[in-house]
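Participant: mmCIF, C-alpha atoms, saved as input.cif, coming up:
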```cif
data_model
#
loop_
_atom_site.group_PDB
_atom_site.id
_atom_site.type_symbol
_atom_site.label_atom_id
_atom_site.label_comp_id
_atom_site.auth_asym_id
_atom_site.auth_seq_id
_atom_site.Cartn_x
_atom_site.Cartn_y
_atom_site.Cartn_z
ATOM 1 C CA MET A 1 47.242 89.432 101.384
ATOM 2 C CA GLY A 2 48.303 89.683 104.978
ATOM 3 C CA GLY A 3 47.701 92.544 107.334
ATOM 4 C CA CYS A 4 49.779 95.218 108.956
ATOM 5 C CA HIS A 5 51.626 94.857 112.256
ATOM 6 C CA ARG A 6 53.877 97.577 113.701
ATOM 7 C CA GLY A 7 54.085 99.252 110.283
ATOM 8 C CA LEU A 8 55.192 96.043 108.543
ATOM 9 C CA MET A 9 53.107 93.955 106.205
ATOM 10 C CA THR A 10 52.423 90.520 107.639
ATOM 11 C CA ILE A 11 51.758 87.174 106.045
ATOM 12 C CA SER A 12 49.980 84.191 107.573
ATOM 13 C CA ALA A 13 51.192 80.598 107.671
ATOM 14 C CA GLU A 14 48.317 79.680 105.333
ATOM 15 C CA GLU A 15 49.463 82.291 102.796
ATOM 16 C CA VAL A 16 53.033 80.990 103.004
ATOM 17 C CA LEU A 17 51.889 77.451 102.272
ATOM 18 C CA LYS A 18 49.727 78.670 99.387
ATOM 19 C CA GLU A 19 52.654 80.535 97.830
ATOM 20 C CA ILE A 20 54.972 77.524 97.617
ATOM 21 C CA GLY A 21 52.620 76.399 94.852
ATOM 22 C CA PRO A 22 54.063 73.835 92.428
ATOM 23 C CA VAL A 23 56.659 72.700 94.952
ATOM 24 C CA GLN A 24 53.833 71.324 97.081
ATOM 25 C CA GLU A 25 52.937 68.741 94.414
ATOM 26 C CA ILE A 26 56.495 67.413 94.483
ATOM 27 C CA LEU A 27 56.529 67.391 98.277
ATOM 28 C CA ASP A 28 53.218 65.498 98.347
ATOM 29 C CA ALA A 29 54.587 62.836 96.003
ATOM 30 C CA HIS A 30 57.549 62.242 98.321
ATOM 31 C CA ASP A 31 55.829 62.651 101.705
ATOM 32 C CA GLY A 32 57.600 65.967 102.251
ATOM 33 C CA VAL A 33 56.104 68.514 104.599
ATOM 34 C CA VAL A 34 56.694 72.253 104.942
ATOM 35 C CA THR A 35 56.250 73.326 108.541
ATOM 36 C CA VAL A 36 55.709 77.060 109.053
ATOM 37 C CA ILE A 37 57.126 77.847 112.483
ATOM 38 C CA ASP A 38 56.738 81.624 112.538
ATOM 39 C CA THR A 39 55.864 84.541 110.256
ATOM 40 C CA ALA A 40 56.430 87.464 112.657
ATOM 41 C CA ASP A 41 57.439 90.769 111.089
ATOM 42 C CA GLY A 42 57.711 89.180 107.651
ATOM 43 C CA ASN A 43 60.477 86.799 108.760
ATOM 44 C CA ILE A 44 59.303 83.366 107.670
ATOM 45 C CA MET A 45 60.741 80.488 109.676
ATOM 46 C CA LEU A 46 60.287 77.078 108.044
ATOM 47 C CA SER A 47 61.449 73.524 108.311
ATOM 48 C CA LEU A 48 61.222 70.820 105.675
ATOM 49 C CA ASP A 49 60.081 67.640 107.355
ATOM 50 C CA GLY A 50 58.793 64.157 106.546
ATOM 51 C CA GLY A 51 60.288 62.823 103.322
ATOM 52 C CA CYS A 52 62.553 65.889 103.065
ATOM 53 C CA VAL A 53 64.673 64.788 106.014
ATOM 54 C CA GLY A 54 67.851 63.289 104.588
ATOM 55 C CA CYS A 55 66.745 63.738 100.957
ATOM 56 C CA SER A 56 69.509 64.926 98.625
ATOM 57 C CA SER A 57 67.026 67.198 96.809
ATOM 58 C CA THR A 58 66.066 69.148 99.929
ATOM 59 C CA PRO A 59 68.447 72.084 99.241
ATOM 60 C CA MET A 60 66.948 72.525 95.751
ATOM 61 C CA THR A 61 63.431 72.383 97.178
ATOM 62 C CA ALA A 62 64.404 74.955 99.811
ATOM 63 C CA MET A 63 65.891 77.171 97.098
ATOM 64 C CA GLN A 64 62.634 77.098 95.097
ATOM 65 C CA ILE A 65 60.602 77.938 98.195
ATOM 66 C CA TYR A 66 63.010 80.725 99.164
ATOM 67 C CA TYR A 67 62.797 82.270 95.689
ATOM 68 C CA SER A 68 58.988 82.124 95.614
ATOM 69 C CA LEU A 69 58.522 83.611 99.062
ATOM 70 C CA LYS A 70 61.159 86.352 98.751
ATOM 71 C CA GLN A 71 59.204 87.817 95.832
ATOM 72 C CA LEU A 72 56.262 88.607 98.119
ATOM 73 C CA GLU A 73 56.099 92.158 99.451
ATOM 74 C CA PRO A 74 55.457 91.292 103.111
ATOM 75 C CA VAL A 75 58.358 88.813 103.271
ATOM 76 C CA GLN A 76 61.547 90.242 104.756
ATOM 77 C CA ASP A 77 63.479 86.982 105.090
ATOM 78 C CA VAL A 78 63.026 83.229 104.793
ATOM 79 C CA ILE A 79 64.870 81.142 107.357
ATOM 80 C CA PHE A 80 65.115 77.371 107.189
ATOM 81 C CA VAL A 81 65.652 76.416 110.816
ATOM 82 C CA ASN A 82 67.332 73.093 110.066
ATOM 83 C CA GLY A 83 69.807 74.561 107.588
ATOM 84 C CA GLU A 84 68.059 73.127 104.528
ATOM 85 C CA LEU A 85 69.176 76.092 102.381
ATOM 86 C CA PRO A 86 72.979 76.405 102.201
ATOM 87 C CA GLU A 87 74.304 79.965 102.367
ATOM 88 C CA TYR A 88 75.799 79.815 98.853
ATOM 89 C CA MET A 89 72.360 78.982 97.417
ATOM 90 C CA ARG A 90 70.755 81.840 99.369
ATOM 91 C CA THR A 91 73.418 84.213 98.003
ATOM 92 C CA PHE A 92 72.828 82.942 94.462
ATOM 93 C CA ILE A 93 69.065 83.577 94.677
ATOM 94 C CA ASP A 94 69.533 87.006 96.281
ATOM 95 C CA GLN A 95 71.881 87.995 93.429
ATOM 96 C CA LYS A 96 69.461 86.619 90.816
ATOM 97 C CA MET A 97 66.624 88.660 92.298
ATOM 98 C CA ALA A 98 68.787 91.809 92.418
ATOM 99 C CA ASP A 99 69.703 91.301 88.742
ATOM 100 C CA GLU A 100 66.049 90.761 87.836
ATOM 101 C CA ALA A 101 65.069 93.965 89.665
ATOM 102 C CA LYS A 102 67.669 95.944 87.682
ATOM 103 C CA ASN A 103 66.385 94.527 84.391
ATOM 104 C CA ILE A 104 62.683 95.260 84.937
ATOM 105 C CA GLY A 105 61.275 96.749 81.754
ATOM 106 C CA GLU A 106 64.250 95.754 79.620
ATOM 107 C CA ILE A 107 63.888 93.384 76.718
ATOM 108 C CA VAL A 108 66.317 90.560 77.268
#
```
Would you put the structure from the file into structure tokens?

Facilitator:
Amino acid sequence: MGGCHRGLMTISAEEVLKEIGPVQEILDAHDGVVTVIDTADGNIMLSLDGGCVGCSSTPMTAMQIYYSLKQLEPVQDVIFVNGELPEYMRTFIDQKMADEAKNIGEIV
């Protein structure tokens, strides 16, 4: 997946869209659209458009996308340019991922 640019792994817009996986089915059902604005240096810039604009579920959708993409090696950060992911949700997911990384190999 991706290539290498200035020593960093890169990811294409097509790979980003592929990785949102099951969320895409929900977006399709509600005319939601993920727009990949940039992927430079592993910093993914997205906006949720179409049916996502004004939808009360948009922050949860953004959280699912953030979690999926942050697990990919070439992804450094995921930025929702229209503020679809509130900071407290970003912090929650970052903490969840840090806890999961500490518990790798443990039986829970």

Participant: Tell me which protein, DNA and RNA residues are within 9 Å of Asp77 of chain A, counting all atoms listed in the file, leaving out same-chain ones fewer than 6 positions away, and put them as a PyMOL selection string.

Facilitator: chain A and resi 42-45+66+69-70

Participant: Could you pull the residues within 7 Å of Ser12 of chain A, counting only C-alpha atoms, minus those fewer than 2 positions along the same chain, as an mmCIF file with C-alpha atoms, in the frame of the given file?

Facilitator:
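The result, written out as selection-v8.cif:
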```cif
data_model
loop_
_atom_site.group_PDB
_atom_site.id
_atom_site.type_symbol
_atom_site.label_atom_id
_atom_site.label_comp_id
_atom_site.auth_asym_id
_atom_site.auth_seq_id
_atom_site.Cartn_x
_atom_site.Cartn_y
_atom_site.Cartn_z
ATOM 1 C CA GLY A 2 48.303 89.683 104.978
ATOM 2 C CA THR A 10 52.423 90.520 107.639
ATOM 3 C CA GLU A 14 48.317 79.680 105.333
ATOM 4 C CA GLU A 15 49.463 82.291 102.796
ATOM 5 C CA VAL A 16 53.033 80.990 103.004
ATOM 6 C CA THR A 39 55.864 84.541 110.256
#
```

Participant: From the list A:Ala98, A:Val53, A:Ile79, A:Met63, which residue is nearest Ile37 of chain A when using all atoms listed in the file?

Facilitator: A:Ile79

Participant: Got a sec to resolve the PyMOL selection byres ((chain A and resi 26) around 12) on this structure and send the residues as a list in words?

Facilitator: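 Applied to this file, the PyMOL selection byres ((chain A and resi 26) around 12) returns Ile20, Gly21, Pro22, Val23, Gln24, Glu25, Leu27, Asp28, Ala29, His30, Asp31, Gly32, Val33, Val34, Gly51, Cys52, Ser57, Thr58, Met60, Thr61, Gln64 and Ile65 of chain A.
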
Participant: Between atom CA of Phe92 of chain A and atom CA of Phe80 of chain A, what is the distance, to one decimal in Å?

Facilitator: 15.9 Å

Participant: Quick check on the file I pasted: which residues fall under the PyMOL selection byres ((chain A and resi 35) around 6)? Write them as number ranges by chain.

Facilitator: A: 34, 36, 46-47

Participant: What is the atom CA of Tyr67 of chain A to atom CA of Tyr88 of chain A distance in Å?

Facilitator: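 Atom CA of Tyr88 of chain A lies 13.6 Å from atom CA of Tyr67 of chain A.
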
Participant: Go ahead and compute the interatomic distance for atom CA of Ala62 of chain A and atom CA of Val78 of chain A, in Å to one decimal.

Facilitator: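 Atom CA of Val78 of chain A lies 9.8 Å from atom CA of Ala62 of chain A.
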
Participant: Nearest to Pro74 of chain A among A:Glu100, A:Asp41, A:Glu19, A:Asp94, with distances taken over all atoms listed in the file: which residue is it?

Facilitator: A:Asp41

Participant: Just checking: using all atoms listed in the file, which residue out of A:Ala40, A:Asp49, A:Leu17, A:Gln71 ends up closest to Ala101 of chain A?

Facilitator: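 The closest residue to Ala101 of chain A is A:Gln71.
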
Participant: N, CA and C atoms for segment 47-62 of chain A, written as a tab-separated table (two decimals), keeping the file's coordinate frame, could you do that?

Facilitator:
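Output file selection_29.tsv follows:
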```tsv
chain	number	residue	atom	x	y	z
A	47	SER	N	60.63	74.74	108.35
A	47	SER	CA	61.45	73.52	108.31
A	47	SER	C	60.83	72.60	107.27
A	48	LEU	N	61.68	71.83	106.63
A	48	LEU	CA	61.22	70.82	105.68
A	48	LEU	C	61.31	69.49	106.39
A	49	ASP	N	60.17	68.84	106.54
A	49	ASP	CA	60.08	67.64	107.36
A	49	ASP	C	59.58	66.45	106.54
A	50	GLY	N	59.29	65.36	107.21
A	50	GLY	CA	58.79	64.16	106.55
A	50	GLY	C	59.82	63.61	105.58
A	51	GLY	N	59.41	63.39	104.34
A	51	GLY	CA	60.29	62.82	103.32
A	51	GLY	C	61.46	63.71	102.96
A	52	CYS	N	61.44	64.97	103.37
A	52	CYS	CA	62.55	65.89	103.06
A	52	CYS	C	63.78	65.61	103.93
A	53	VAL	N	63.56	65.04	105.10
A	53	VAL	CA	64.67	64.79	106.01
A	53	VAL	C	65.61	63.76	105.39
A	54	GLY	N	66.84	64.18	105.16
A	54	GLY	CA	67.85	63.29	104.59
A	54	GLY	C	67.81	63.17	103.07
A	55	CYS	N	66.86	63.82	102.42
A	55	CYS	CA	66.74	63.74	100.96
A	55	CYS	C	67.80	64.64	100.32
A	56	SER	N	68.46	64.15	99.29
A	56	SER	CA	69.51	64.93	98.62
A	56	SER	C	68.94	66.10	97.83
A	57	SER	N	67.65	66.10	97.55
A	57	SER	CA	67.03	67.20	96.81
A	57	SER	C	66.51	68.32	97.71
A	58	THR	N	66.60	68.15	99.01
A	58	THR	CA	66.07	69.15	99.93
A	58	THR	C	66.64	70.54	99.70
A	59	PRO	N	67.95	70.72	99.48
A	59	PRO	CA	68.45	72.08	99.24
A	59	PRO	C	67.82	72.74	98.00
A	60	MET	N	67.58	71.96	96.95
A	60	MET	CA	66.95	72.53	95.75
A	60	MET	C	65.49	72.90	96.03
A	61	THR	N	64.81	72.08	96.79
A	61	THR	CA	63.43	72.38	97.18
A	61	THR	C	63.40	73.66	98.02
A	62	ALA	N	64.32	73.76	98.97
A	62	ALA	CA	64.40	74.96	99.81
A	62	ALA	C	64.69	76.19	98.96
```
